[in-house]
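Enquirer: Here you go, target_10.txt (compact mmCIF, C-alpha atoms):
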# COMPACT_ATOMS: atom_id res chain seq x y z
CA MET A 18 0.00 0.00 0.00
CA VAL A 19 1.38 3.40 -0.98
CA ARG A 20 -0.22 6.57 0.34
CA ILE A 21 0.62 10.10 -0.78
CA TYR A 22 -0.25 13.13 1.34
CA THR A 23 0.42 16.24 -0.70
CA GLY A 24 -0.77 19.80 -1.11
CA GLU A 25 -0.16 23.43 -0.43
CA ILE A 26 -0.08 23.15 3.37
CA GLU A 27 2.07 21.06 5.68
CA ALA A 28 -0.82 19.00 7.06
CA GLY A 29 0.50 15.96 5.21
CA SER A 30 3.28 15.54 7.74
CA ALA A 31 0.82 15.71 10.63
CA ALA A 32 -1.46 13.17 8.95
CA ALA A 33 1.48 10.84 8.27
CA PHE A 34 2.73 11.09 11.85
CA GLY A 35 -0.80 10.46 13.09
CA LEU A 36 -0.99 7.27 11.05
CA ALA A 37 2.47 6.23 12.27
CA MET A 38 1.52 6.76 15.90
CA SER A 39 -1.75 4.90 15.47
CA ARG A 40 0.02 1.97 13.83
CA ARG A 41 2.68 1.91 16.56
CA GLY A 42 -0.03 2.01 19.23
CA SER A 43 -1.51 -1.10 17.63
CA GLY A 44 1.81 -2.91 17.90
CA GLY A 45 3.12 -2.15 14.41
CA ARG A 46 6.77 -1.74 13.51
CA VAL A 47 7.14 1.81 12.25
CA ALA A 48 9.96 4.05 11.01
CA VAL A 49 10.04 7.62 9.70
CA VAL A 50 12.64 9.24 7.47
CA ARG A 51 12.35 13.04 7.42
CA PHE A 52 13.67 14.71 4.26
CA LEU A 53 14.65 18.38 4.21
CA ARG A 54 12.89 19.10 7.48
CA PRO A 55 13.97 20.93 10.65
CA GLU A 56 16.06 18.80 12.96
CA THR A 57 13.50 18.99 15.74
CA SER A 58 9.73 18.94 15.78
CA GLY A 59 7.01 18.05 18.23
CA GLU A 60 5.80 15.29 15.92
CA ALA A 61 9.22 13.64 15.74
CA ALA A 62 9.80 13.92 19.49
CA SER A 63 6.40 12.37 20.24
CA ALA A 64 7.01 9.59 17.73
CA VAL A 65 10.33 8.69 19.36
CA GLU A 66 8.63 8.54 22.77
CA LEU A 67 6.24 5.94 21.32
CA GLY A 68 9.11 3.80 20.06
CA ILE A 69 9.06 4.89 16.42
CA GLU A 70 12.46 5.08 14.77
CA VAL A 71 12.93 8.58 13.33
CA PHE A 72 15.79 9.34 10.94
CA LEU A 73 16.53 13.02 10.27
CA THR A 74 18.00 14.57 7.14
CA PRO A 75 18.07 18.31 7.89
CA SER A 76 17.09 20.90 5.31
CA ALA A 77 20.45 22.65 5.63
CA GLY A 78 22.14 19.69 3.93
CA GLY A 79 20.37 20.08 0.57
CA ARG A 80 21.21 17.41 -1.99
CA ALA A 81 23.66 15.52 0.23
CA SER A 82 21.13 15.41 3.06
CA ALA A 83 18.33 14.22 0.75
CA GLN A 84 20.53 11.49 -0.70
CA LYS A 85 21.52 10.34 2.79
CA GLY A 86 17.82 10.06 3.62
CA TRP A 87 17.24 8.16 0.38
CA ARG A 88 19.93 5.60 1.28
CA THR A 89 18.34 5.23 4.72
CA ALA A 90 14.91 4.65 3.14
CA LEU A 91 16.32 2.01 0.80
CA ASP A 92 18.10 0.26 3.66
CA LEU A 93 14.91 0.21 5.72
CA CYS A 94 12.89 -1.23 2.83
CA GLU A 95 15.50 -3.89 2.10
CA ALA A 96 15.74 -4.88 5.79
CA ARG A 97 12.01 -5.69 5.78
CA GLU A 98 11.73 -5.06 9.52
CA HIS A 99 8.87 -2.53 9.41
CA ASP A 100 5.18 -2.63 8.63
CA LEU A 101 4.97 1.10 7.88
CA LEU A 102 7.59 3.50 6.57
CA VAL A 103 6.83 7.23 6.45
CA LEU A 104 8.99 9.24 4.04
CA ASP A 105 8.17 12.72 5.27
CA GLY A 106 9.15 15.41 2.78
CA LEU A 107 10.40 12.94 0.17
CA LEU A 108 8.21 14.59 -2.46
CA ASP A 109 9.92 17.92 -1.73
CA ALA A 110 13.30 16.26 -2.35
CA VAL A 111 11.94 14.90 -5.64
CA GLU A 112 10.60 18.32 -6.62
CA ALA A 113 14.01 19.87 -5.89
CA GLY A 114 15.63 17.38 -8.28
CA PHE A 115 17.57 15.58 -5.55
CA ILE A 116 15.88 12.20 -6.09
CA PRO A 117 14.37 11.03 -9.41
CA PRO A 118 10.71 9.90 -9.37
CA ALA A 119 11.73 6.65 -11.06
CA ASP A 120 13.94 5.83 -8.08
CA VAL A 121 11.01 6.41 -5.72
CA GLU A 122 8.89 4.01 -7.77
CA THR A 123 11.35 1.22 -6.95
CA LEU A 124 10.12 1.35 -3.34
CA PHE A 125 6.57 0.50 -4.35
CA GLY A 126 7.41 -3.19 -4.74
CA PHE A 127 8.54 -3.76 -1.14
CA PRO A 128 6.18 -5.62 1.23
CA LEU A 129 5.37 -2.73 3.57
CA GLU A 130 3.06 0.26 3.67
CA LEU A 131 4.64 3.50 2.48
CA VAL A 132 3.52 7.06 3.15
CA LEU A 133 5.08 9.84 1.06
CA THR A 134 4.57 13.50 1.94
CA GLY A 135 5.46 16.81 0.32
CA ARG A 136 3.94 19.82 -1.38
CA LYS A 137 3.85 18.55 -4.98
CA ALA A 138 3.45 14.91 -5.97
CA PRO A 139 4.75 14.01 -9.44
CA VAL A 140 2.06 12.64 -11.76
CA GLU A 141 3.90 9.34 -12.25
CA LEU A 142 3.87 8.68 -8.49
CA VAL A 143 0.23 9.72 -8.14
CA LYS A 144 -0.72 7.21 -10.86
CA ARG A 145 1.02 4.35 -9.05
CA ALA A 146 -0.08 5.16 -5.48
CA ASP A 147 -3.03 3.39 -3.89
CA THR A 148 -4.28 6.48 -2.04
CA VAL A 149 -3.60 10.15 -2.73
CA VAL A 150 -4.82 12.91 -0.42
CA GLU A 151 -4.38 16.54 -1.41
CA MET A 152 -4.40 19.03 1.45
CA LEU A 153 -5.89 22.45 0.63
CA ASP A 154 -5.65 25.73 2.50
CA ILE A 155 -9.29 26.85 2.46
CA LYS A 156 -8.96 29.49 5.16
CA HIS A 157 -5.90 30.54 7.07
Just give me the structure of the file as C-alpha cells.

Expert:
Amino acid sequence: MVRIYTGEIEAGSAAAFGLAMSRRGSGGRVAVVRFLRPETSGEAASAVELGIEVFLTPSAGGRASAQKGWRTALDLCEAREHDLLVLDGLLDAVEAGFIPPADVETLFGFPLELVLTGRKAPVELVKRADTVVEMLDIKH
C-alpha cells in the first residue's frame, strides 16, 4: 500500500505522523525518514517517545542530506523489519531534483506500507499510489 499526502499546506506531515503513531499504538513496527525538514519537531519527538524510529535529514544539507535520507529509506525497505515507513518530505526532495521519481517508484514493490509527503506529488507517483490525499488551504 502506498499513500501520498500532498498539497499546499504542511498538514500531510501531521497526517502521516498520526498514522504512524496509530500503527505503533496497535503494535506495528514503524519508522520515519524526514527529508529536508527541521532537525526537531514536536511530531518527531512524540514519535520517538512511542518507540518509532525517526531518521533526520536536515534541510540545511540540501542534496547531500536528501541522498543520505534516500539511502536510509532504501536500507529500511531492504531490511524488511517494518510494517509502515513514512517518508516525510520525500516529495519535496523529488521536486528539488535531488531524487528522481523513477527511483522512488522502486520502493513501491517492497512488502510494507509507504507514506510519502510533500507539497507537490509528481504525476507518475500519483498514478502508481493506492491512495492520494491533497491538502488544501481553504482558510488561514

Enquirer: Got a sec: who's within 12 Å of Ile116 (chain A), counting only C-alpha atoms, leaving out chain neighbours fewer than 3 positions off, as an NGL selection string?

Expert: :A and (52 or 79-88 or 90 or 106-113 or 119-123 or 139)

Enquirer: Skipping near chain neighbours, those fewer than 4 positions away, what residues fall within 10 Å of region 28-40 of chain A using only C-alpha atoms, listed as a PyMOL selection string?

Expert: chain A and resi 20-24+44-49+51+60-61+63-65+67-69+100-106+131-136+150-154

Enquirer: Could you jot down the CA of Thr148 (chain A) to CA of Val19 (chain A) separation for me, Å, one decimal place?

Expert: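 Answer for the CA of Thr148 (chain A) to CA of Val19 (chain A) separation: 6.5 Å.
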
Enquirer: Name the closest residue to Arg41 (chain A) among the candidates A:Asp92, A:Glu56, A:Glu66, A:Glu141; distances are taken between atoms, counting all atoms listed in the file.

Expert: A:Glu66

Enquirer: Could you please determine the separation between CA of Phe125 (chain A) and CA of Glu95 (chain A) in Å, to one decimal place?

Expert: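 Rounded to one decimal, the two atoms are 11.9 Å apart.
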
Enquirer: How many Å separate CA of Gly59 (chain A) from CA of Pro128 (chain A)?

Expert: 29.2 Å
